[in-house]
$ cat input_8.cif   # mmCIF, C-alpha atoms and all ligand atoms
data_work
loop_
_atom_site.label_atom_id
_atom_site.label_comp_id
_atom_site.auth_asym_id
_atom_site.auth_seq_id
_atom_site.Cartn_x
_atom_site.Cartn_y
_atom_site.Cartn_z
CA MET A 1 -57.46 -100.89 19.11
CA GLY A 2 -57.70 -104.62 18.56
CA PRO A 3 -54.78 -106.87 17.81
CA GLY A 4 -53.81 -106.89 14.18
CA GLY A 5 -56.09 -103.94 13.55
CA THR A 6 -55.40 -100.50 12.27
CA ALA A 7 -55.65 -97.33 14.21
CA GLY A 8 -55.55 -93.85 12.74
CA ILE A 9 -53.41 -91.36 14.60
CA GLY A 10 -53.68 -88.15 12.70
CA SER A 11 -52.81 -89.21 9.20
CA VAL A 12 -50.80 -92.18 10.30
CA ALA A 13 -52.13 -95.69 10.14
CA VAL A 14 -50.40 -97.92 12.64
CA HIS A 15 -50.91 -101.61 12.23
CA THR A 16 -50.64 -103.46 15.48
CA PHE A 17 -48.69 -106.62 15.32
CA THR A 18 -50.18 -110.07 15.27
CA THR A 19 -48.41 -112.91 16.97
CA ASN A 20 -48.74 -116.44 18.02
CA ARG A 21 -48.74 -117.00 21.77
CA ASN A 22 -46.40 -119.97 21.44
CA ALA A 23 -43.96 -118.45 19.05
CA PRO A 24 -40.92 -116.85 20.57
CA LYS A 25 -40.67 -114.28 17.79
CA MET A 26 -43.03 -111.46 17.16
CA THR A 27 -43.22 -109.14 14.24
CA ALA A 28 -44.17 -105.57 14.25
CA HIS A 29 -45.01 -103.83 11.08
CA GLN A 30 -45.93 -100.33 10.72
CA SER A 31 -47.09 -98.10 7.97
CA THR A 32 -46.13 -94.53 8.50
CA ASN A 33 -46.56 -91.51 6.31
CA GLY A 34 -42.83 -91.29 5.83
CA PRO A 35 -41.43 -91.21 2.33
CA GLY A 36 -40.94 -94.56 0.71
CA SER A 37 -42.94 -96.43 3.31
CA THR A 38 -45.36 -98.86 1.77
CA GLY A 39 -46.49 -100.60 4.91
CA ALA A 40 -46.06 -103.92 3.12
CA ALA A 41 -42.67 -104.91 4.47
CA ASP A 42 -41.99 -105.60 8.11
CA ASP A 43 -39.84 -102.90 9.56
CA TYR A 44 -38.10 -105.14 12.04
CA GLU A 45 -38.33 -108.42 13.84
CA GLU A 46 -37.34 -108.82 17.41
CA ASP A 47 -37.19 -111.56 19.92
CA PHE A 48 -38.71 -110.34 23.12
CA GLY A 49 -38.21 -113.71 24.91
CA ASP A 50 -38.86 -113.77 28.66
CA GLY A 51 -42.63 -114.09 28.42
CA LYS A 52 -43.25 -110.52 27.24
CA PHE A 53 -45.77 -111.57 24.65
CA TYR A 54 -48.59 -109.51 23.43
CA ASP A 55 -51.78 -111.31 24.39
CA PRO A 56 -54.13 -111.19 21.42
CA ASP A 57 -57.11 -112.15 23.57
CA ALA A 58 -56.65 -109.54 26.22
CA GLU A 59 -58.70 -106.36 26.07
CA TYR A 60 -56.10 -103.79 26.80
CA GLU A 61 -54.05 -101.10 25.22
CA PRO A 62 -50.41 -102.16 25.30
CA ASP A 63 -48.65 -100.35 28.09
CA PRO A 64 -46.94 -97.21 26.75
CA GLU A 65 -43.41 -98.42 27.30
CA TYR A 66 -44.14 -101.67 25.58
CA ALA A 67 -45.97 -99.96 22.75
CA ALA A 68 -42.95 -97.76 22.29
CA THR A 69 -40.85 -100.86 21.68
CA ILE A 70 -43.09 -102.31 19.04
CA ALA A 71 -44.20 -99.11 17.38
CA PRO A 72 -42.01 -96.28 18.56
CA ASP A 73 -43.56 -93.68 16.31
CA ALA A 74 -47.11 -94.55 17.27
CA ALA A 75 -46.46 -93.94 20.93
CA ARG A 76 -44.52 -90.79 20.25
CA GLN A 77 -47.15 -89.52 17.88
CA ARG A 78 -49.86 -90.02 20.48
CA ARG A 79 -47.81 -88.41 23.21
CA GLU A 80 -46.54 -85.49 21.16
CA ARG A 81 -49.67 -85.06 19.07
CA ILE A 82 -47.92 -85.32 15.72
CA GLY A 83 -49.90 -83.64 12.95
CA PRO A 84 -50.27 -84.70 9.32
CA THR A 85 -47.06 -82.87 8.36
CA GLY A 86 -45.12 -85.21 10.65
CA ARG A 87 -44.31 -82.42 13.13
CA PRO A 88 -45.77 -81.92 16.59
CA LEU A 89 -49.06 -80.08 16.17
CA PRO A 90 -49.06 -76.88 18.20
CA TYR A 91 -52.18 -75.58 19.85
CA PHE A 92 -53.63 -72.62 18.01
CA PRO A 93 -55.70 -70.64 20.48
CA ILE A 94 -59.19 -69.35 19.72
CA PRO A 95 -58.51 -65.73 18.85
CA GLY A 96 -59.78 -63.06 21.18
CA PRO A 97 -61.60 -59.92 20.08
CA VAL A 98 -59.71 -57.51 17.84
CA GLY A 99 -58.29 -54.44 19.47
CA GLU A 100 -57.97 -51.52 17.13
CA ARG A 101 -59.22 -51.99 13.57
CA GLY A 102 -56.87 -51.97 10.62
CA PRO A 103 -54.75 -51.17 8.83
CA ALA A 104 -55.45 -54.49 7.19
CA LYS A 105 -52.87 -57.18 6.61
CA ILE A 106 -52.96 -58.11 2.94
CA ILE A 107 -52.62 -61.77 2.00
CA ALA A 108 -52.09 -62.92 -1.60
CA MET A 109 -53.28 -66.46 -2.38
CA CYS A 110 -50.84 -67.35 -5.09
CA ASN A 111 -49.68 -70.24 -7.25
CA GLN A 112 -49.29 -70.08 -11.01
CA LYS A 113 -50.39 -73.70 -11.22
CA GLY A 114 -54.11 -74.00 -11.91
CA GLY A 115 -56.68 -75.81 -9.78
CA VAL A 116 -54.63 -76.10 -6.60
CA GLY A 117 -57.21 -74.56 -4.27
CA LYS A 118 -56.39 -70.83 -4.35
CA THR A 119 -59.98 -69.67 -4.73
CA THR A 120 -61.36 -72.25 -2.31
CA SER A 121 -58.74 -71.23 0.26
CA ALA A 122 -59.37 -67.49 -0.24
CA ILE A 123 -63.12 -67.88 0.31
CA ASN A 124 -62.90 -70.23 3.27
CA LEU A 125 -59.95 -68.64 5.06
CA GLY A 126 -61.75 -65.31 4.66
CA ALA A 127 -65.00 -66.72 6.01
CA ALA A 128 -63.23 -68.39 8.95
CA LEU A 129 -61.41 -65.16 9.84
CA ALA A 130 -64.76 -63.33 9.67
CA GLU A 131 -66.28 -65.96 12.01
CA TYR A 132 -63.54 -65.06 14.48
CA GLY A 133 -64.68 -61.45 14.37
CA ARG A 134 -62.16 -60.14 11.85
CA ARG A 135 -63.34 -57.74 9.15
CA VAL A 136 -62.36 -59.29 5.84
CA LEU A 137 -62.19 -57.99 2.29
CA LEU A 138 -61.89 -60.60 -0.45
CA VAL A 139 -60.44 -59.40 -3.73
CA ASP A 140 -61.23 -61.44 -6.81
CA PHE A 141 -58.15 -60.82 -8.93
CA ASP A 142 -58.78 -63.47 -11.54
CA PRO A 143 -60.66 -62.56 -14.75
CA GLN A 144 -62.38 -65.98 -14.50
CA GLY A 145 -64.31 -64.54 -11.55
CA ALA A 146 -64.36 -67.90 -9.73
CA LEU A 147 -64.21 -66.28 -6.30
CA SER A 148 -67.19 -64.08 -7.14
CA VAL A 149 -69.12 -67.13 -8.39
CA GLY A 150 -68.15 -69.04 -5.25
CA LEU A 151 -69.87 -66.35 -3.22
CA GLY A 152 -73.04 -66.44 -5.29
CA VAL A 153 -72.29 -63.44 -7.54
CA ASN A 154 -72.85 -63.66 -11.29
CA PRO A 155 -69.82 -61.93 -12.85
CA MET A 156 -71.64 -61.33 -16.15
CA GLU A 157 -74.14 -59.05 -14.48
CA LEU A 158 -71.60 -56.77 -12.83
CA GLU A 159 -71.28 -53.22 -14.06
CA LEU A 160 -68.35 -52.25 -11.89
CA THR A 161 -65.57 -54.58 -10.86
CA VAL A 162 -62.05 -54.45 -9.50
CA TYR A 163 -61.03 -53.62 -13.09
CA ASN A 164 -62.76 -50.23 -12.86
CA LEU A 165 -61.13 -49.59 -9.52
CA LEU A 166 -57.72 -50.21 -11.10
CA MET A 167 -58.22 -48.19 -14.24
CA GLU A 168 -60.47 -45.30 -13.24
CA ARG A 169 -58.95 -42.85 -10.85
CA GLY A 170 -61.50 -41.12 -8.70
CA LEU A 171 -63.90 -44.06 -8.58
CA ALA A 172 -64.94 -44.62 -4.96
CA PRO A 173 -64.26 -48.18 -3.75
CA ASP A 174 -67.74 -48.23 -2.17
CA GLU A 175 -69.25 -48.24 -5.64
CA VAL A 176 -67.57 -51.54 -6.42
CA LEU A 177 -67.73 -53.26 -3.01
CA LEU A 178 -70.33 -55.96 -2.47
CA LYS A 179 -71.47 -57.32 0.88
CA THR A 180 -71.40 -61.11 1.12
CA ALA A 181 -73.78 -63.37 3.04
CA VAL A 182 -71.02 -63.82 5.64
CA ALA A 183 -71.19 -61.11 8.30
CA GLY A 184 -68.05 -58.99 8.28
CA MET A 185 -66.85 -60.17 4.85
CA ASP A 186 -67.00 -57.96 1.75
CA LEU A 187 -66.02 -58.62 -1.84
CA LEU A 188 -64.34 -56.72 -4.65
CA PRO A 189 -65.69 -58.80 -7.52
CA SER A 190 -64.19 -59.38 -10.92
CA ASN A 191 -65.11 -60.61 -14.35
CA ILE A 192 -63.55 -61.02 -17.77
CA ASP A 193 -63.00 -57.22 -18.02
CA LEU A 194 -59.96 -57.70 -15.78
CA SER A 195 -58.12 -59.54 -18.56
CA ALA A 196 -57.85 -56.21 -20.40
CA ALA A 197 -56.04 -54.69 -17.42
CA GLU A 198 -53.08 -56.99 -17.95
CA VAL A 199 -52.51 -55.33 -21.34
CA GLN A 200 -53.58 -51.79 -20.44
CA LEU A 201 -51.45 -51.59 -17.31
CA VAL A 202 -48.26 -52.26 -19.27
CA SER A 203 -48.09 -48.66 -20.45
CA GLU A 204 -48.95 -47.15 -17.04
CA VAL A 205 -46.48 -45.49 -14.71
CA ALA A 206 -45.81 -47.69 -11.66
CA ARG A 207 -47.83 -50.40 -13.33
CA GLU A 208 -46.95 -52.94 -10.65
CA SER A 209 -48.51 -50.94 -7.84
CA SER A 210 -51.94 -50.16 -9.31
CA LEU A 211 -53.74 -52.59 -7.01
CA GLN A 212 -51.83 -51.31 -3.99
CA ARG A 213 -53.01 -47.78 -4.80
CA ALA A 214 -56.58 -48.93 -5.33
CA LEU A 215 -56.69 -50.81 -2.02
CA GLN A 216 -55.06 -48.08 0.07
CA PRO A 217 -58.25 -46.20 1.05
CA LEU A 218 -59.93 -49.45 2.12
CA LEU A 219 -57.26 -50.68 4.51
CA PRO A 220 -58.39 -48.82 7.65
CA ASP A 221 -61.80 -50.56 7.47
CA TYR A 222 -60.53 -54.14 7.52
CA ASP A 223 -58.32 -56.49 9.48
CA PHE A 224 -57.50 -58.74 6.51
CA VAL A 225 -57.58 -58.39 2.76
CA VAL A 226 -57.30 -61.69 0.89
CA ILE A 227 -56.43 -61.50 -2.81
CA ASP A 228 -57.27 -64.47 -5.00
CA CYS A 229 -54.68 -64.53 -7.81
CA GLN A 230 -55.10 -66.02 -11.25
CA PRO A 231 -52.98 -69.03 -12.24
CA SER A 232 -50.11 -67.09 -13.83
CA LEU A 233 -47.13 -65.00 -12.83
CA GLY A 234 -48.14 -62.12 -15.09
CA LEU A 235 -48.62 -58.47 -14.28
CA LEU A 236 -51.84 -58.99 -12.33
CA THR A 237 -50.16 -61.44 -9.97
CA VAL A 238 -47.17 -59.11 -9.60
CA ASN A 239 -49.66 -56.38 -8.66
CA ALA A 240 -51.12 -58.66 -5.99
CA LEU A 241 -47.63 -59.45 -4.63
CA THR A 242 -46.70 -55.77 -4.63
CA ALA A 243 -49.79 -54.92 -2.59
CA ALA A 244 -49.43 -57.86 -0.17
CA HIS A 245 -47.70 -58.32 3.19
CA LYS A 246 -47.97 -62.10 3.08
CA VAL A 247 -48.23 -64.82 0.50
CA ILE A 248 -50.00 -68.11 1.02
CA VAL A 249 -49.13 -70.77 -1.54
CA PRO A 250 -51.73 -73.52 -1.81
CA LEU A 251 -50.14 -76.73 -3.06
CA GLU A 252 -52.15 -79.73 -4.18
CA CYS A 253 -50.83 -82.99 -2.71
CA GLU A 254 -50.16 -84.67 -6.04
CA PHE A 255 -47.16 -85.73 -8.06
CA PHE A 256 -46.28 -82.49 -9.89
CA ALA A 257 -47.03 -80.26 -6.91
CA LEU A 258 -43.48 -78.98 -6.50
CA ARG A 259 -43.00 -78.21 -10.17
CA GLY A 260 -42.94 -74.50 -10.67
CA VAL A 261 -42.66 -73.66 -6.97
CA ALA A 262 -39.03 -72.59 -7.50
CA LEU A 263 -40.18 -70.13 -10.15
CA LEU A 264 -42.85 -68.86 -7.78
CA THR A 265 -40.45 -68.33 -4.87
CA GLU A 266 -38.03 -66.61 -7.27
CA THR A 267 -40.80 -64.24 -8.33
CA ILE A 268 -41.68 -63.56 -4.69
CA GLU A 269 -38.01 -62.77 -3.98
CA LYS A 270 -37.78 -60.43 -6.98
CA VAL A 271 -40.87 -58.54 -5.88
CA GLN A 272 -39.42 -58.37 -2.36
CA GLU A 273 -36.17 -56.89 -3.67
CA ARG A 274 -37.49 -54.48 -6.24
CA LEU A 275 -41.03 -53.53 -5.34
CA ASN A 276 -42.18 -54.58 -1.90
CA PRO A 277 -39.67 -55.20 0.91
CA ASN A 278 -42.58 -55.89 3.31
CA LEU A 279 -43.60 -59.05 1.46
CA HIS A 280 -42.96 -62.46 2.96
CA LEU A 281 -44.04 -66.02 2.43
CA ASP A 282 -46.43 -66.75 5.28
CA GLY A 283 -46.81 -70.38 4.44
CA ILE A 284 -47.34 -73.24 2.04
CA LEU A 285 -50.76 -74.79 2.41
CA ALA A 286 -51.11 -78.45 1.48
CA THR A 287 -54.53 -78.99 -0.09
CA MET A 288 -56.55 -81.93 -1.39
CA TYR A 289 -54.66 -84.24 0.95
CA ASP A 290 -55.87 -87.82 1.25
CA SER A 291 -54.28 -89.52 4.23
CA ARG A 292 -55.40 -92.93 2.96
CA THR A 293 -53.07 -92.86 -0.03
CA VAL A 294 -49.34 -93.44 0.26
CA HIS A 295 -48.95 -91.04 -2.66
CA SER A 296 -50.55 -88.12 -0.83
CA ARG A 297 -48.49 -88.83 2.30
CA GLU A 298 -45.29 -89.01 0.28
CA VAL A 299 -45.95 -85.74 -1.52
CA LEU A 300 -46.68 -84.02 1.79
CA ALA A 301 -43.48 -85.45 3.30
CA ARG A 302 -41.49 -84.08 0.32
CA VAL A 303 -43.11 -80.68 0.66
CA VAL A 304 -42.22 -80.58 4.37
CA GLU A 305 -38.69 -81.76 3.56
CA ALA A 306 -38.31 -78.92 1.07
CA PHE A 307 -40.01 -76.11 2.97
CA ASP A 308 -39.88 -77.20 6.59
CA GLU A 309 -41.36 -74.58 8.93
CA ASN A 310 -42.82 -72.69 5.98
CA VAL A 311 -45.45 -75.41 5.62
CA TYR A 312 -48.58 -74.74 7.65
CA HIS A 313 -49.38 -77.38 10.23
CA THR A 314 -52.93 -77.20 8.96
CA VAL A 315 -53.55 -79.46 5.99
CA ILE A 316 -56.73 -79.34 3.91
CA GLY A 317 -58.17 -82.76 3.13
CA ARG A 318 -59.77 -83.75 -0.15
CA THR A 319 -63.53 -83.80 0.05
CA VAL A 320 -66.36 -83.41 -2.41
CA ARG A 321 -67.86 -80.86 -0.05
CA PHE A 322 -65.66 -78.15 -1.60
CA PRO A 323 -66.95 -78.48 -5.18
CA GLU A 324 -70.45 -78.55 -3.65
CA THR A 325 -69.88 -75.21 -1.96
CA THR A 326 -69.08 -73.58 -5.32
CA VAL A 327 -72.46 -74.69 -6.64
CA ALA A 328 -74.12 -73.46 -3.44
CA GLY A 329 -72.29 -70.11 -3.74
CA GLU A 330 -71.20 -69.97 -0.11
CA PRO A 331 -68.19 -70.89 2.06
CA ILE A 332 -67.93 -74.33 3.62
CA THR A 333 -68.05 -72.70 7.06
CA THR A 334 -71.73 -71.91 6.48
CA TYR A 335 -72.65 -74.57 3.89
CA ALA A 336 -71.40 -77.47 6.02
CA SER A 337 -70.47 -75.78 9.25
CA ASN A 338 -69.69 -79.00 11.14
CA SER A 339 -67.68 -80.66 8.37
CA VAL A 340 -64.02 -81.57 8.54
CA GLY A 341 -63.35 -79.08 5.74
CA ALA A 342 -64.86 -76.21 7.71
CA ALA A 343 -62.85 -77.22 10.78
CA ALA A 344 -59.67 -77.28 8.69
CA TYR A 345 -60.15 -73.72 7.43
CA ARG A 346 -60.99 -72.53 10.95
CA GLN A 347 -57.74 -74.06 12.14
CA LEU A 348 -55.90 -72.39 9.24
CA ALA A 349 -57.40 -69.05 10.30
CA ARG A 350 -56.13 -69.62 13.85
CA GLU A 351 -52.70 -70.62 12.54
CA VAL A 352 -52.51 -67.53 10.31
CA LEU A 353 -53.51 -65.35 13.27
CA ALA A 354 -50.94 -67.08 15.48
CA ARG A 355 -48.24 -66.36 12.85
CA CYS A 356 -49.38 -62.70 12.76
CA HIS A 357 -49.03 -62.43 16.54
CA ALA A 358 -45.61 -64.06 16.47
CA GLU A 359 -44.29 -61.33 14.15
N1 LIG B 1 -59.75 -79.75 -0.51
C1 LIG B 1 -60.42 -79.97 -1.64
N2 LIG B 1 -61.00 -81.19 -1.86
C2 LIG B 1 -61.67 -81.43 -3.01
N3 LIG B 1 -61.84 -80.56 -3.99
C3 LIG B 1 -61.30 -79.34 -3.85
C4 LIG B 1 -60.57 -78.99 -2.67
N4 LIG B 1 -60.14 -77.70 -2.80
C5 LIG B 1 -60.60 -77.29 -3.99
N5 LIG B 1 -61.29 -78.26 -4.62
C6 LIG B 1 -61.92 -78.21 -5.96
O1 LIG B 1 -60.88 -78.19 -6.93
C7 LIG B 1 -61.20 -77.31 -7.98
C8 LIG B 1 -60.11 -76.24 -8.08
O2 LIG B 1 -60.09 -75.49 -6.86
P1 LIG B 1 -59.90 -73.92 -6.87
O3 LIG B 1 -60.82 -73.29 -7.90
O4 LIG B 1 -60.00 -73.44 -5.48
O5 LIG B 1 -58.42 -73.85 -7.39
P2 LIG B 1 -57.65 -72.58 -7.98
O6 LIG B 1 -56.23 -72.78 -7.65
O7 LIG B 1 -58.30 -71.34 -7.57
O8 LIG B 1 -57.89 -72.79 -9.54
P3 LIG B 1 -57.50 -71.73 -10.71
O9 LIG B 1 -56.02 -71.83 -10.84
O10 LIG B 1 -58.23 -72.22 -11.90
O11 LIG B 1 -57.94 -70.39 -10.24
C9 LIG B 1 -62.56 -76.74 -7.66
O12 LIG B 1 -63.54 -77.50 -8.34
C10 LIG B 1 -62.70 -76.93 -6.17
O13 LIG B 1 -64.03 -77.07 -5.76
MG MG B 2 -59.00 -69.71 -8.72
#

$ encode --input "input_8.cif" --output "structure tokens" --more "lines below"
Ligand SMILES: Nc1ncnc2c1ncn2[C@@H]1O[C@H](COP(=O)(O)OP(=O)(O)OP(=O)(O)O)[C@@H](O)[C@H]1O
Ligand SMILES: [Mg+2]
Amino acid sequence: MGPGGTAGIGSVAVHTFTTNRNAPKMTAHQSTNGPGSTGAADDYEEDFGDGKFYDPDAEYEPDPEYAATIAPDAARQRRERIGPTGRPLPYFPIPGPVGERGPAKIIAMCNQKGGVGKTTSAINLGAALAEYGRRVLLVDFDPQGALSVGLGVNPMELELTVYNLLMERGLAPDEVLLKTAVAGMDLLPSNIDLSAAEVQLVSEVARESSLQRALQPLLPDYDFVVIDCQPSLGLLTVNALTAAHKVIVPLECEFFALRGVALLTETIEKVQERLNPNLHLDGILATMYDSRTVHSREVLARVVEAFDENVYHTVIGRTVRFPETTVAGEPITTYASNSVGAAAYRQLAREVLARCHAE
């Protein structure tokens, strides 16, 4: 790191100070990802006197103690490996082989706000878990069928979908299941037919637990079921929450991200109380994060302030690779296996597994 330059430490850009050898004063300014920090103003000025000047010509890293004086966070962040959420980043071990199969843990990918990365996260978390040897069932529970499209399935051509599984008792799940190109990952696809279920289920007995019933026979065959919810808190989403053990809430790192989250957590609590005491919020997943913008860093800081340990340490960066994968009809873990995006979803899979083991 050269004098006056910028070094990235995780998401944090730390500007080293510049100083004049003859001047007794030196200035350190630092741009952190903390809320309200613009990086424009100097954080403090200090007179170090007694010849302790930073030598701009010397080729060395400032000694740690000294660096701690001029940029306390930078040194701490290096030492403690602070992650993009501003907390020390734990080590998530590579998962070992699975012991006994099933019954599957069911994860609902849920946020009533549209376009926050639910489908992208369902596909890529599923694919990453499958890479780690877990048997995964993805459930497309959105009549738009985006998850099916994202795995190369044309929803218009489907004769049987998750809709039939919900509405027709006696239909074997095998008749609806599709294998995906990812080894160990299957799909219950969906198409526009599912929109009728929202209306038809209203008059059913135990209308909130139709999906739970439909999934029951499949659970012994899988380690994880990931349900991709539609952007609403209607009856379909309530069905997903009633079936699930865990909820993951993807949250786009932009200005209105937190709007509506209170309503979502209220809905989760209601389902917990009335329908599914086993349900809990596994984590909030920050998506489309751009560490280069103050805005993105501020939003993430607010989210961490509001939800603390409920925010996953793993943060998904914004990259055009994700829209590309939809066109390609495959997960990023196979489409761009060495990309940052693929690495992020692998880390999320390890973090989700670590949270499972901690239970
Ligand atoms: N990390 C990312 N970086 C850049 N683009 C992304 C990222 N994640 C998702 N996208 C893109 O953003 C768009 C919305 O993502 P996605 O479909 O996963 O959201 P969603 O919450 O499922 O939307 P909906 O509410 O409509 O179901 C897609 O075009 C997707 O490719
Ligand atoms: Mg979606």

$ atom_distance --input "input_8.cif" --atom1 "atom N3 of ligand LIG 1 (chain B)" --atom2 "atom CA of Asp290 of chain A"
10.8 Å

$ atom_distance --input "input_8.cif" --atom1 "atom CA of Gly114 of chain A" --atom2 "atom CA of Leu147 of chain A"
13.9 Å

$ atom_distance --input "input_8.cif" --atom1 "atom CA of Lys113 of chain A" --atom2 "atom CA of Leu219 of chain A"
28.7 Å

$ axis_aligned_box --input "input_8.cif" --around "ligand LIG 1 (chain B)" --padding-each-side "5 Å" --output "AutoDock Vina command-line options"
--center_x -60.0 --center_y -75.9 --center_z -6.2 --size_x 18.0 --size_y 21.0 --size_z 21.4

$ residues_near_ligand --input "input_8.cif" --ligand "ligand LIG 1 (chain B)" --cutoff "8 Å" --atoms "only C-alpha atoms and all ligand atoms" --output "VMD selection string"
chain A and resid 111 to 122 142 144 146 to 147 228 to 231 250 287 to 289 316 to 326 341
